[in-house]
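Everything below belongs to coords.tsv, which stores TSV, C-alpha atoms and all ligand atoms.
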```tsv
chain	number	residue	atom	x	y	z
A	22	MET	CA	2.23	-47.00	52.21
A	23	VAL	CA	3.52	-50.58	52.09
A	24	GLU	CA	6.49	-51.77	54.12
A	25	GLN	CA	8.06	-54.59	52.09
A	26	ALA	CA	10.78	-55.95	54.36
A	27	PRO	CA	12.25	-55.46	57.83
A	28	GLN	CA	14.91	-52.84	58.42
A	29	THR	CA	18.42	-54.23	58.11
A	30	GLY	CA	20.74	-51.35	58.95
A	31	SER	CA	20.96	-48.08	60.80
A	32	SER	CA	22.27	-45.89	57.95
A	33	ARG	CA	20.10	-43.44	56.04
A	34	GLY	CA	17.96	-45.00	53.32
A	35	ARG	CA	17.64	-43.99	49.68
A	36	PHE	CA	14.92	-41.88	48.13
A	37	ILE	CA	13.75	-42.81	44.62
A	38	THR	CA	10.94	-40.96	42.87
A	39	PHE	CA	9.00	-42.10	39.82
A	40	GLU	CA	7.72	-39.59	37.30
A	41	GLY	CA	6.04	-39.59	33.91
A	42	GLY	CA	2.72	-39.01	32.24
A	43	GLU	CA	-0.62	-40.69	32.87
A	44	GLY	CA	-0.49	-44.45	32.37
A	45	ALA	CA	3.29	-44.54	31.84
A	46	GLY	CA	3.55	-47.37	34.35
A	47	LYS	CA	4.78	-45.61	37.50
A	48	SER	CA	2.63	-47.57	39.97
A	49	THR	CA	3.36	-50.86	38.20
A	50	GLN	CA	7.12	-50.27	38.17
A	51	ILE	CA	7.33	-49.07	41.76
A	52	LYS	CA	5.76	-52.30	42.90
A	53	LEU	CA	8.20	-54.38	40.81
A	54	LEU	CA	11.22	-52.43	42.06
A	55	ALA	CA	10.04	-52.76	45.68
A	56	GLU	CA	9.87	-56.53	45.22
A	57	ARG	CA	13.39	-56.67	43.82
A	58	LEU	CA	14.77	-54.46	46.57
A	59	ALA	CA	13.10	-56.59	49.20
A	60	LYS	CA	14.77	-59.66	47.66
A	61	ALA	CA	18.09	-57.78	47.85
A	62	GLY	CA	17.50	-57.32	51.59
A	63	GLN	CA	16.47	-53.65	51.58
A	64	ALA	CA	13.65	-52.36	53.76
A	65	THR	CA	11.39	-50.56	51.31
A	66	VAL	CA	8.52	-48.13	51.73
A	67	VAL	CA	6.21	-47.48	48.78
A	68	THR	CA	4.31	-44.22	48.80
A	69	ARG	CA	2.78	-41.65	46.47
A	70	GLU	CA	1.99	-37.99	45.90
A	71	PRO	CA	-0.22	-36.21	46.35
A	72	GLY	CA	-0.93	-38.25	49.45
A	73	GLY	CA	1.13	-40.93	51.17
A	74	SER	CA	0.33	-39.91	54.75
A	75	PRO	CA	-3.13	-39.77	56.35
A	76	GLY	CA	-3.41	-35.97	56.19
A	77	ALA	CA	-2.01	-35.76	52.67
A	78	GLU	CA	-4.40	-38.47	51.43
A	79	ILE	CA	-7.33	-36.26	52.43
A	80	ILE	CA	-5.82	-33.39	50.44
A	81	ARG	CA	-5.24	-35.78	47.49
A	82	HIS	CA	-8.92	-36.51	47.38
A	83	LEU	CA	-9.70	-32.78	47.17
A	84	LEU	CA	-7.07	-32.16	44.48
A	85	LEU	CA	-8.12	-34.98	42.17
A	86	SER	CA	-11.73	-33.85	42.42
A	87	GLY	CA	-10.62	-30.55	40.83
A	88	ILE	CA	-11.16	-28.32	43.87
A	89	GLY	CA	-8.48	-25.90	42.59
A	90	HIS	CA	-11.00	-24.54	40.09
A	91	LEU	CA	-13.49	-23.85	42.88
A	92	ILE	CA	-11.23	-22.23	45.45
A	93	GLY	CA	-9.19	-19.77	43.43
A	94	GLY	CA	-7.39	-21.56	40.59
A	95	SER	CA	-3.89	-22.85	40.11
A	96	GLU	CA	-2.17	-20.97	42.92
A	97	ALA	CA	-4.64	-22.28	45.46
A	98	GLU	CA	-4.13	-25.73	44.00
A	99	ALA	CA	-0.35	-25.35	44.34
A	100	LEU	CA	-0.78	-24.44	48.02
A	101	LEU	CA	-2.78	-27.61	48.58
A	102	PHE	CA	-0.14	-29.72	46.85
A	103	ALA	CA	2.48	-28.09	49.08
A	104	ALA	CA	0.45	-28.73	52.24
A	105	ALA	CA	0.14	-32.38	51.29
A	106	ARG	CA	3.88	-32.65	50.54
A	107	ASP	CA	4.83	-30.98	53.80
A	108	ASP	CA	2.85	-33.53	55.79
A	109	HIS	CA	4.10	-36.43	53.68
A	110	VAL	CA	7.79	-35.50	53.95
A	111	ARG	CA	7.63	-34.74	57.67
A	112	THR	CA	5.56	-37.68	58.84
A	113	LEU	CA	6.49	-40.45	56.42
A	114	ILE	CA	9.46	-39.89	54.07
A	115	GLU	CA	12.00	-38.40	56.48
A	116	PRO	CA	11.31	-40.89	59.30
A	117	ALA	CA	11.56	-43.82	56.86
A	118	LEU	CA	14.87	-42.58	55.42
A	119	ALA	CA	16.19	-41.91	58.91
A	120	ARG	CA	15.57	-45.51	59.95
A	121	GLY	CA	17.38	-46.78	56.84
A	122	ALA	CA	14.48	-47.71	54.56
A	123	TRP	CA	14.43	-47.09	50.83
A	124	VAL	CA	11.51	-44.86	49.97
A	125	LEU	CA	9.93	-45.28	46.53
A	126	CYS	CA	7.58	-42.42	45.80
A	127	ASP	CA	5.05	-42.29	42.96
A	128	ARG	CA	5.43	-38.65	41.79
A	129	PHE	CA	7.24	-35.91	43.74
A	130	TYR	CA	8.35	-32.36	43.08
A	131	ASP	CA	9.04	-32.83	39.37
A	132	SER	CA	5.30	-33.37	38.98
A	133	THR	CA	4.73	-29.99	40.64
A	134	ARG	CA	7.28	-28.34	38.36
A	135	VAL	CA	5.69	-29.89	35.29
A	136	TYR	CA	1.95	-29.76	36.01
A	137	GLN	CA	1.70	-26.53	38.00
A	138	GLY	CA	4.78	-24.81	36.58
A	139	LYS	CA	5.49	-25.61	32.95
A	140	LEU	CA	1.95	-26.58	32.02
A	141	GLY	CA	0.12	-24.45	34.55
A	142	ASP	CA	0.45	-20.79	35.31
A	143	VAL	CA	2.04	-20.89	38.74
A	144	SER	CA	5.12	-18.67	38.85
A	145	PRO	CA	8.59	-20.10	39.45
A	146	ALA	CA	8.86	-17.70	42.42
A	147	LEU	CA	5.86	-19.25	44.19
A	148	LEU	CA	6.97	-22.80	43.35
A	149	ASN	CA	10.47	-22.09	44.68
A	150	ALA	CA	9.07	-20.63	47.89
A	151	LEU	CA	6.80	-23.65	48.41
A	152	GLN	CA	9.69	-26.01	47.70
A	153	ASP	CA	11.82	-24.25	50.33
A	154	VAL	CA	9.11	-24.71	52.93
A	155	THR	CA	8.21	-28.30	52.11
A	156	ILE	CA	11.53	-29.99	51.31
A	157	GLY	CA	14.32	-27.43	51.57
A	158	ALA	CA	17.54	-28.87	50.17
A	159	MET	CA	16.36	-32.47	50.34
A	160	LYS	CA	16.33	-34.12	46.89
A	161	PRO	CA	15.61	-37.60	45.57
A	162	ASP	CA	18.75	-39.72	45.20
A	163	LEU	CA	17.33	-40.98	41.92
A	164	THR	CA	14.36	-39.96	39.79
A	165	VAL	CA	13.10	-42.51	37.28
A	166	ILE	CA	11.27	-40.75	34.46
A	167	LEU	CA	9.12	-43.18	32.49
A	168	ASP	CA	8.89	-42.07	28.88
A	169	ILE	CA	6.12	-43.30	26.64
A	170	PRO	CA	4.23	-42.03	23.59
A	171	VAL	CA	1.16	-40.11	24.75
A	172	GLU	CA	-1.36	-42.29	22.94
A	173	ILE	CA	-0.04	-45.47	24.55
A	174	GLY	CA	-0.03	-43.95	28.03
A	175	LEU	CA	-3.57	-42.63	27.72
A	176	LYS	CA	-4.76	-45.95	26.34
A	177	ARG	CA	-3.22	-47.78	29.31
A	178	ALA	CA	-4.81	-45.31	31.74
A	179	ALA	CA	-8.21	-45.72	30.05
A	180	VAL	CA	-8.02	-49.53	30.26
A	181	ARG	CA	-7.16	-49.35	33.94
A	182	ARG	CA	-9.95	-46.84	34.64
A	183	GLY	CA	-12.66	-48.91	32.98
A	184	ALA	CA	-16.05	-47.23	33.23
A	185	GLU	CA	-14.92	-44.58	35.76
A	186	ALA	CA	-14.67	-40.92	34.73
A	187	PRO	CA	-11.16	-39.53	34.05
A	188	ASP	CA	-9.72	-37.53	36.97
A	189	ARG	CA	-8.75	-33.84	36.82
A	190	PHE	CA	-5.47	-34.55	34.98
A	191	GLU	CA	-6.38	-37.60	32.88
A	192	GLY	CA	-9.19	-35.46	31.43
A	193	GLU	CA	-6.81	-32.93	29.81
A	194	ASN	CA	-6.43	-33.07	25.99
A	195	ALA	CA	-3.70	-34.85	24.01
A	196	ASP	CA	-1.76	-31.62	23.44
A	197	PHE	CA	-1.48	-31.19	27.22
A	198	HIS	CA	-0.08	-34.70	27.53
A	199	ARG	CA	2.42	-34.12	24.71
A	200	LYS	CA	3.71	-31.01	26.50
A	201	LEU	CA	3.86	-33.05	29.68
A	202	ARG	CA	6.09	-35.62	28.02
A	203	ASP	CA	8.36	-32.90	26.61
A	204	ALA	CA	8.64	-31.23	29.99
A	205	TYR	CA	9.73	-34.46	31.65
A	206	ARG	CA	12.27	-35.11	28.91
A	207	GLN	CA	13.70	-31.64	29.48
A	208	ILE	CA	14.09	-32.32	33.21
A	209	ALA	CA	15.87	-35.61	32.47
A	210	ALA	CA	18.25	-33.83	30.09
A	211	ALA	CA	18.89	-30.96	32.50
A	212	GLU	CA	19.63	-33.14	35.55
A	213	PRO	CA	21.29	-36.35	34.38
A	214	GLU	CA	22.96	-36.90	37.77
A	215	ARG	CA	19.63	-37.25	39.53
A	216	CYS	CA	17.36	-38.41	36.71
A	217	VAL	CA	17.22	-41.34	34.33
A	218	LEU	CA	14.89	-41.43	31.33
A	219	ILE	CA	13.53	-44.95	30.92
A	220	ASP	CA	11.84	-46.23	27.77
A	221	ALA	CA	8.51	-47.41	29.23
A	222	GLU	CA	7.28	-49.28	26.15
A	223	GLY	CA	7.26	-53.06	26.24
A	224	GLU	CA	6.19	-55.63	28.77
A	225	PRO	CA	6.30	-54.55	32.44
A	226	LYS	CA	9.09	-57.03	33.19
A	227	LEU	CA	11.23	-55.58	30.39
A	228	VAL	CA	10.77	-52.05	31.70
A	229	ALA	CA	11.51	-53.29	35.22
A	230	ASP	CA	14.79	-54.78	33.99
A	231	ARG	CA	15.80	-51.40	32.53
A	232	ILE	CA	15.09	-49.70	35.85
A	233	TRP	CA	16.86	-52.38	37.86
A	234	LEU	CA	20.02	-51.97	35.77
A	235	THR	CA	20.07	-48.27	36.64
A	236	VAL	CA	19.39	-48.86	40.32
A	237	GLN	CA	22.16	-51.44	40.48
A	238	ASP	CA	24.56	-49.21	38.61
A	239	ARG	CA	23.83	-46.02	40.49
A	240	MET	CA	22.79	-47.13	43.93
A	241	LEU	CA	23.43	-50.72	44.92
A	242	GLY	CA	27.15	-50.06	44.55
A	243	TRP	CA	26.97	-47.60	47.40
A	244	PRO	CA	28.63	-49.03	50.51
A	245	GLN	CA	25.58	-48.57	52.73
A	246	ALA	CA	23.26	-50.16	50.20
A	247	LYS	CA	25.47	-53.08	49.25
A	248	PRO	CA	23.58	-56.39	49.03
A	249	PRO	CA	24.86	-58.84	51.67
A	250	GLY	CA	27.92	-60.87	50.64
A	251	LYS	CA	29.05	-58.70	47.70
A	252	PRO	CA	32.50	-57.21	48.26
A	253	GLY	CA	34.07	-54.37	46.27
A	254	ALA	CA	31.44	-51.63	46.37
A	255	LYS	CA	32.21	-48.58	44.26
A	256	GLY	CA	31.74	-46.13	47.11
A	257	ARG	CA	29.80	-43.33	45.45
A	258	GLY	CA	28.19	-42.52	48.77
A	259	LYS	CA	26.60	-39.10	48.92
A	260	THR	CA	25.42	-37.87	52.26
A	261	LYS	CA	22.24	-35.91	51.82
A	262	SER	CA	21.69	-33.21	54.36
A	263	LYS	CA	18.40	-33.24	56.14
A	264	ALA	CA	18.12	-29.49	55.57
A	265	LYS	CA	14.46	-28.73	55.63
A	266	ALA	CA	13.61	-25.08	55.82
A	267	ARG	CA	10.43	-24.80	57.81
A	268	SER	CA	8.40	-21.89	58.95
A	269	ALA	CA	7.57	-23.40	62.37
B	1	LIG	N1	4.61	-52.08	30.38
B	1	LIG	C1	3.28	-52.14	30.31
B	1	LIG	N2	2.65	-52.67	29.24
B	1	LIG	C2	1.31	-52.74	29.17
B	1	LIG	N3	0.47	-52.30	30.14
B	1	LIG	C3	1.04	-51.75	31.24
B	1	LIG	C4	2.46	-51.62	31.38
B	1	LIG	N4	2.72	-51.04	32.56
B	1	LIG	C5	1.54	-50.78	33.13
B	1	LIG	N5	0.53	-51.22	32.34
B	1	LIG	C6	-0.91	-51.12	32.61
B	1	LIG	O1	-1.28	-49.78	32.26
B	1	LIG	C7	-2.14	-49.23	33.23
B	1	LIG	C8	-1.46	-47.99	33.82
B	1	LIG	O2	-0.30	-48.40	34.54
B	1	LIG	P1	0.07	-47.69	35.91
B	1	LIG	O3	-1.13	-47.54	36.76
B	1	LIG	O4	1.24	-48.41	36.47
B	1	LIG	O5	0.53	-46.27	35.34
B	1	LIG	P2	0.76	-44.91	36.12
B	1	LIG	O6	1.94	-44.26	35.47
B	1	LIG	O7	0.86	-45.18	37.58
B	1	LIG	O8	-0.56	-44.12	35.77
B	1	LIG	P3	-1.18	-42.82	36.52
B	1	LIG	O9	-0.31	-41.65	36.19
B	1	LIG	O10	-2.52	-42.66	35.91
B	1	LIG	O11	-1.21	-43.15	37.98
B	1	LIG	C9	-2.42	-50.33	34.24
B	1	LIG	O12	-3.60	-50.97	33.92
B	1	LIG	C10	-1.24	-51.26	34.09
B	1	LIG	O13	-1.58	-52.59	34.42
B	2	MG	MG	-0.29	-44.54	39.16
```
Here is the file; what I need is its structure written in the form of C-alpha cells.
Ligand SMILES: Nc1ncnc2c1ncn2[C@@H]1O[C@H](COP(=O)(O)OP(=O)(O)OP(=O)(O)O)[C@@H](O)[C@H]1O
Ligand SMILES: [Mg+2]
Amino acid sequence: MVEQAPQTGSSRGRFITFEGGEGAGKSTQIKLLAERLAKAGQATVVTREPGGSPGAEIIRHLLLSGIGHLIGGSEAEALLFAAARDDHVRTLIEPALARGAWVLCDRFYDSTRVYQGKLGDVSPALLNALQDVTIGAMKPDLTVILDIPVEIGLKRAAVRRGAEAPDRFEGENADFHRKLRDAYRQIAAAEPERCVLIDAEGEPKLVADRIWLTVQDRMLGWPQAKPPGKPGAKGRGKTKSKAKARSA
C-alpha cells in the first residue's frame, strides 16, 4: 500500500479497480493514475489483490505458489482468495474510503469471477456466497479493464519476470489467456456503467491518457471529487452503501 498524498476532505473516497490479463499493464497504469490524482489534490491509496493488507499478503504468497492444488483444488483456492479479500476490505479498503481517500486496487472481484469462475470450475453459487461475505453490496465505482492481445501481454510479463519462473497463473497456456481476455471483454460489455474497456497497446503514457480521460469524465466531475478551483461540476454523485454482509 502506498499513500500518495494527504487527505483533503471528509467525504467518502472513490474505489477504482484495475483488471486484465497478465502483463496488460495494470501495475504500471495504477502508479501513473495515482500520480495524476495526487497532482489533482486527491489522497490516493494504491493496493492489490490477492493481498494488500498484512494478513492478505501472507495468503497471496500461498496462492501464487499454487497451494490450491495441494489442499483440495479450486474450491479451496477460492476460499483462500475470499479470506484474503475479507481482510483486505475490512482493514484497508473500507477505512481508506471512509476517510476520503481514493483507493486504486490492482485486481478485485472480477478476477475471481474470471479466473475461478469462468476459467475455473468454481460454481457461481459458491462465488456468490463468498462475495456476500467478503464485500456484500459494495462495488467499485469504476473498473478499468486493460485489453491487450494475449501474445503482447505474455511477452511483457516475460520481460518483467526475467529469469524467474512463471507463477501459478502466468504458467497457464495461451488458450487459457485467450479465454481470459474474452471473459474480461464480456464483463465490460455486460456492465458498461461500472466498467471501461481500455486499449492497452501503445506507450504507457498513451494508455494512461486514455484512462485519465475516463476518470475525468466519469469521476472528477462528481461534486465531492472536484479538483480545487473548478466550478460547474456535473453532479453525478452516487452514494455507495457500506452494506457488508458479514458472518461475525
Ligand atoms: N504500455 C506498455 N508498453 C510496453 N511495456 C509496458 C507497457 N505497460 C507496461 N509495460 C511493461 O510490461 C511489463 C508488465 O507490466 P505490468 O507489470 O504493469 O502488468 P500487469 O498487468 O500488472 O501484469 P501482472 O498481471 O503480471 O501483474 C512491465 O515490465 C512493464 O514495465
Ligand atoms: Mg501487476
Between atom CA of Leu125 of chain A and atom CA of Ser95 of chain A, what is the distance, to one decimal in Å? 27.1 Å
Selection as a PyMOL selection string: residues within 6 Å of ligand LIG 1 (chain B) by only C-alpha atoms and all ligand atoms: chain A and resi 42-49+177-178+180-181+222-225
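One distance worth recording is that between atom CA of Ala104 of chain A and atom CA of Ser132 of chain A, which is 14.9 Å.
Atom pair atom CA of Glu98 of chain A / atom CA of Val143 of chain A: separated by 9.4 Å.
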Please list as a PyMOL selection string every residue within 9 Å of segment 213-218 of chain A, counting all atoms listed in the file and excluding residues in the same chain fewer than 5 positions away. chain A and resi 160-168+205-206+208+232+235
Which neighbours of Leu53 of chain A fall inside 12 Å, counting only C-alpha atoms, when residues of the same chain fewer than 6 positions from it are skipped, and could you give them as a PDB file with C-alpha atoms, in the coordinates of the input?
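As a result, out_19.pdb now contains:
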```pdb
ATOM      1  CA  GLN A  25       8.060 -54.590  52.090  1.00  0.00           C
ATOM      2  CA  GLY A  46       3.550 -47.370  34.350  1.00  0.00           C
ATOM      3  CA  LYS A  47       4.780 -45.610  37.500  1.00  0.00           C
ATOM      4  CA  ALA A  59      13.100 -56.590  49.200  1.00  0.00           C
ATOM      5  CA  LYS A  60      14.770 -59.660  47.660  1.00  0.00           C
ATOM      6  CA  THR A  65      11.390 -50.560  51.310  1.00  0.00           C
ATOM      7  CA  VAL A  67       6.210 -47.480  48.780  1.00  0.00           C
ATOM      8  CA  LEU A 125       9.930 -45.280  46.530  1.00  0.00           C
ATOM      9  CA  PRO A 225       6.300 -54.550  32.440  1.00  0.00           C
ATOM     10  CA  LYS A 226       9.090 -57.030  33.190  1.00  0.00           C
ATOM     11  CA  LEU A 227      11.230 -55.580  30.390  1.00  0.00           C
ATOM     12  CA  VAL A 228      10.770 -52.050  31.700  1.00  0.00           C
ATOM     13  CA  ALA A 229      11.510 -53.290  35.220  1.00  0.00           C
ATOM     14  CA  ASP A 230      14.790 -54.780  33.990  1.00  0.00           C
ATOM     15  CA  ARG A 231      15.800 -51.400  32.530  1.00  0.00           C
ATOM     16  CA  ILE A 232      15.090 -49.700  35.850  1.00  0.00           C
ATOM     17  CA  TRP A 233      16.860 -52.380  37.860  1.00  0.00           C
TER      18      TRP A 233
END
```
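When only C-alpha atoms and all ligand atoms are used to measure the gap to ligand MG 2 (chain B), the shortest distance among A:Leu140, A:Gly174, A:Ala122, A:Leu84 belongs to A:Gly174.
Proximity to ligand MG 2 (chain B) was assessed for A:Arg120, A:Arg33, A:Arg57, A:Arg182 counting all atoms listed in the file; the smallest distance is recorded for A:Arg182.
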Return the single residue from A:Arg128, A:Gly89, A:Pro116, A:Ser32 that is closest to ligand MG 2 (chain B), with distances computed using all atoms listed in the file. A:Arg128
Residues within 8 Å of His109 of chain A, please, as a PyMOL selection string. Count all atoms listed in the file; anything in the same chain fewer than 5 positions from it doesn't count. chain A and resi 72-74+76-77+114
From the set A:Val236, A:Leu101, A:Leu113, A:Cys126, which residue has the shortest atom-to-atom contact distance to ligand MG 2 (chain B), counting all atoms listed in the file? A:Cys126
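When all atoms listed in the file are used to compute distances to Glu115 of chain A, the closest of the residues A:Thr38, A:Ile156, A:His198, A:Ile219 turns out to be A:Ile156.
Closest approach to Gln63 of chain A among A:Leu118, A:Ala179, A:Leu234, A:Ala204: A:Leu118, based on only C-alpha atoms.
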Please rebuild segment 105-130 of chain A with N, CA and C atoms and give the result as a PDB file, keeping the file's coordinate frame.
```
ATOM      1  N   ALA A 105       0.082 -30.910  51.283  1.00  0.00           N
ATOM      2  CA  ALA A 105       0.140 -32.380  51.290  1.00  0.00           C
ATOM      3  C   ALA A 105       1.596 -32.847  51.352  1.00  0.00           C
ATOM      4  N   ARG A 106       2.475 -32.219  50.547  1.00  0.00           N
ATOM      5  CA  ARG A 106       3.880 -32.650  50.540  1.00  0.00           C
ATOM      6  C   ARG A 106       4.531 -32.410  51.893  1.00  0.00           C
ATOM      7  N   ASP A 107       4.229 -31.288  52.505  1.00  0.00           N
ATOM      8  CA  ASP A 107       4.830 -30.980  53.800  1.00  0.00           C
ATOM      9  C   ASP A 107       4.516 -32.085  54.811  1.00  0.00           C
ATOM     10  N   ASP A 108       3.265 -32.484  54.857  1.00  0.00           N
ATOM     11  CA  ASP A 108       2.850 -33.530  55.790  1.00  0.00           C
ATOM     12  C   ASP A 108       3.526 -34.859  55.442  1.00  0.00           C
ATOM     13  N   HIS A 109       3.533 -35.163  54.152  1.00  0.00           N
ATOM     14  CA  HIS A 109       4.100 -36.430  53.680  1.00  0.00           C
ATOM     15  C   HIS A 109       5.589 -36.544  54.008  1.00  0.00           C
ATOM     16  N   VAL A 110       6.346 -35.475  53.713  1.00  0.00           N
ATOM     17  CA  VAL A 110       7.790 -35.500  53.950  1.00  0.00           C
ATOM     18  C   VAL A 110       8.074 -35.606  55.446  1.00  0.00           C
ATOM     19  N   ARG A 111       7.356 -34.817  56.227  1.00  0.00           N
ATOM     20  CA  ARG A 111       7.630 -34.740  57.670  1.00  0.00           C
ATOM     21  C   ARG A 111       7.214 -36.006  58.401  1.00  0.00           C
ATOM     22  N   THR A 112       6.067 -36.566  58.029  1.00  0.00           N
ATOM     23  CA  THR A 112       5.560 -37.680  58.840  1.00  0.00           C
ATOM     24  C   THR A 112       5.888 -39.060  58.265  1.00  0.00           C
ATOM     25  N   LEU A 113       6.235 -39.124  56.983  1.00  0.00           N
ATOM     26  CA  LEU A 113       6.490 -40.450  56.420  1.00  0.00           C
ATOM     27  C   LEU A 113       7.885 -40.578  55.785  1.00  0.00           C
ATOM     28  N   ILE A 114       8.213 -39.681  54.834  1.00  0.00           N
ATOM     29  CA  ILE A 114       9.460 -39.890  54.070  1.00  0.00           C
ATOM     30  C   ILE A 114      10.691 -39.738  54.950  1.00  0.00           C
ATOM     31  N   GLU A 115      10.797 -38.618  55.663  1.00  0.00           N
ATOM     32  CA  GLU A 115      12.000 -38.400  56.480  1.00  0.00           C
ATOM     33  C   GLU A 115      12.174 -39.477  57.550  1.00  0.00           C
ATOM     34  N   PRO A 116      11.112 -39.823  58.297  1.00  0.00           N
ATOM     35  CA  PRO A 116      11.310 -40.890  59.300  1.00  0.00           C
ATOM     36  C   PRO A 116      11.735 -42.212  58.666  1.00  0.00           C
ATOM     37  N   ALA A 117      11.185 -42.549  57.495  1.00  0.00           N
ATOM     38  CA  ALA A 117      11.560 -43.820  56.860  1.00  0.00           C
ATOM     39  C   ALA A 117      13.029 -43.789  56.432  1.00  0.00           C
ATOM     40  N   LEU A 118      13.467 -42.686  55.828  1.00  0.00           N
ATOM     41  CA  LEU A 118      14.870 -42.580  55.420  1.00  0.00           C
ATOM     42  C   LEU A 118      15.792 -42.629  56.639  1.00  0.00           C
ATOM     43  N   ALA A 119      15.359 -41.963  57.698  1.00  0.00           N
ATOM     44  CA  ALA A 119      16.190 -41.910  58.910  1.00  0.00           C
ATOM     45  C   ALA A 119      16.381 -43.299  59.520  1.00  0.00           C
ATOM     46  N   ARG A 120      15.385 -44.174  59.369  1.00  0.00           N
ATOM     47  CA  ARG A 120      15.570 -45.510  59.950  1.00  0.00           C
ATOM     48  C   ARG A 120      16.179 -46.482  58.948  1.00  0.00           C
ATOM     49  N   GLY A 121      16.594 -45.969  57.776  1.00  0.00           N
ATOM     50  CA  GLY A 121      17.380 -46.780  56.840  1.00  0.00           C
ATOM     51  C   GLY A 121      16.585 -47.407  55.714  1.00  0.00           C
ATOM     52  N   ALA A 122      15.297 -47.101  55.624  1.00  0.00           N
ATOM     53  CA  ALA A 122      14.480 -47.710  54.560  1.00  0.00           C
ATOM     54  C   ALA A 122      14.720 -46.994  53.225  1.00  0.00           C
ATOM     55  N   TRP A 123      14.481 -47.713  52.150  1.00  0.00           N
ATOM     56  CA  TRP A 123      14.430 -47.090  50.830  1.00  0.00           C
ATOM     57  C   TRP A 123      12.991 -46.639  50.613  1.00  0.00           C
ATOM     58  N   VAL A 124      12.847 -45.397  50.203  1.00  0.00           N
ATOM     59  CA  VAL A 124      11.510 -44.860  49.970  1.00  0.00           C
ATOM     60  C   VAL A 124      11.300 -44.709  48.462  1.00  0.00           C
ATOM     61  N   LEU A 125      10.275 -45.371  47.947  1.00  0.00           N
ATOM     62  CA  LEU A 125       9.930 -45.280  46.530  1.00  0.00           C
ATOM     63  C   LEU A 125       8.649 -44.479  46.428  1.00  0.00           C
ATOM     64  N   CYS A 126       8.727 -43.325  45.795  1.00  0.00           N
ATOM     65  CA  CYS A 126       7.580 -42.420  45.800  1.00  0.00           C
ATOM     66  C   CYS A 126       7.054 -42.190  44.376  1.00  0.00           C
ATOM     67  N   ASP A 127       5.757 -42.434  44.229  1.00  0.00           N
ATOM     68  CA  ASP A 127       5.050 -42.290  42.960  1.00  0.00           C
ATOM     69  C   ASP A 127       4.702 -40.808  42.801  1.00  0.00           C
ATOM     70  N   ARG A 128       5.481 -40.101  42.004  1.00  0.00           N
ATOM     71  CA  ARG A 128       5.430 -38.650  41.790  1.00  0.00           C
ATOM     72  C   ARG A 128       6.020 -37.899  42.981  1.00  0.00           C
ATOM     73  N   PHE A 129       6.731 -36.800  42.684  1.00  0.00           N
ATOM     74  CA  PHE A 129       7.240 -35.910  43.740  1.00  0.00           C
ATOM     75  C   PHE A 129       7.368 -34.526  43.127  1.00  0.00           C
ATOM     76  N   TYR A 130       8.406 -33.774  43.473  1.00  0.00           N
ATOM     77  CA  TYR A 130       8.350 -32.360  43.080  1.00  0.00           C
ATOM     78  C   TYR A 130       8.476 -32.097  41.586  1.00  0.00           C
TER      79      TYR A 130
END
```
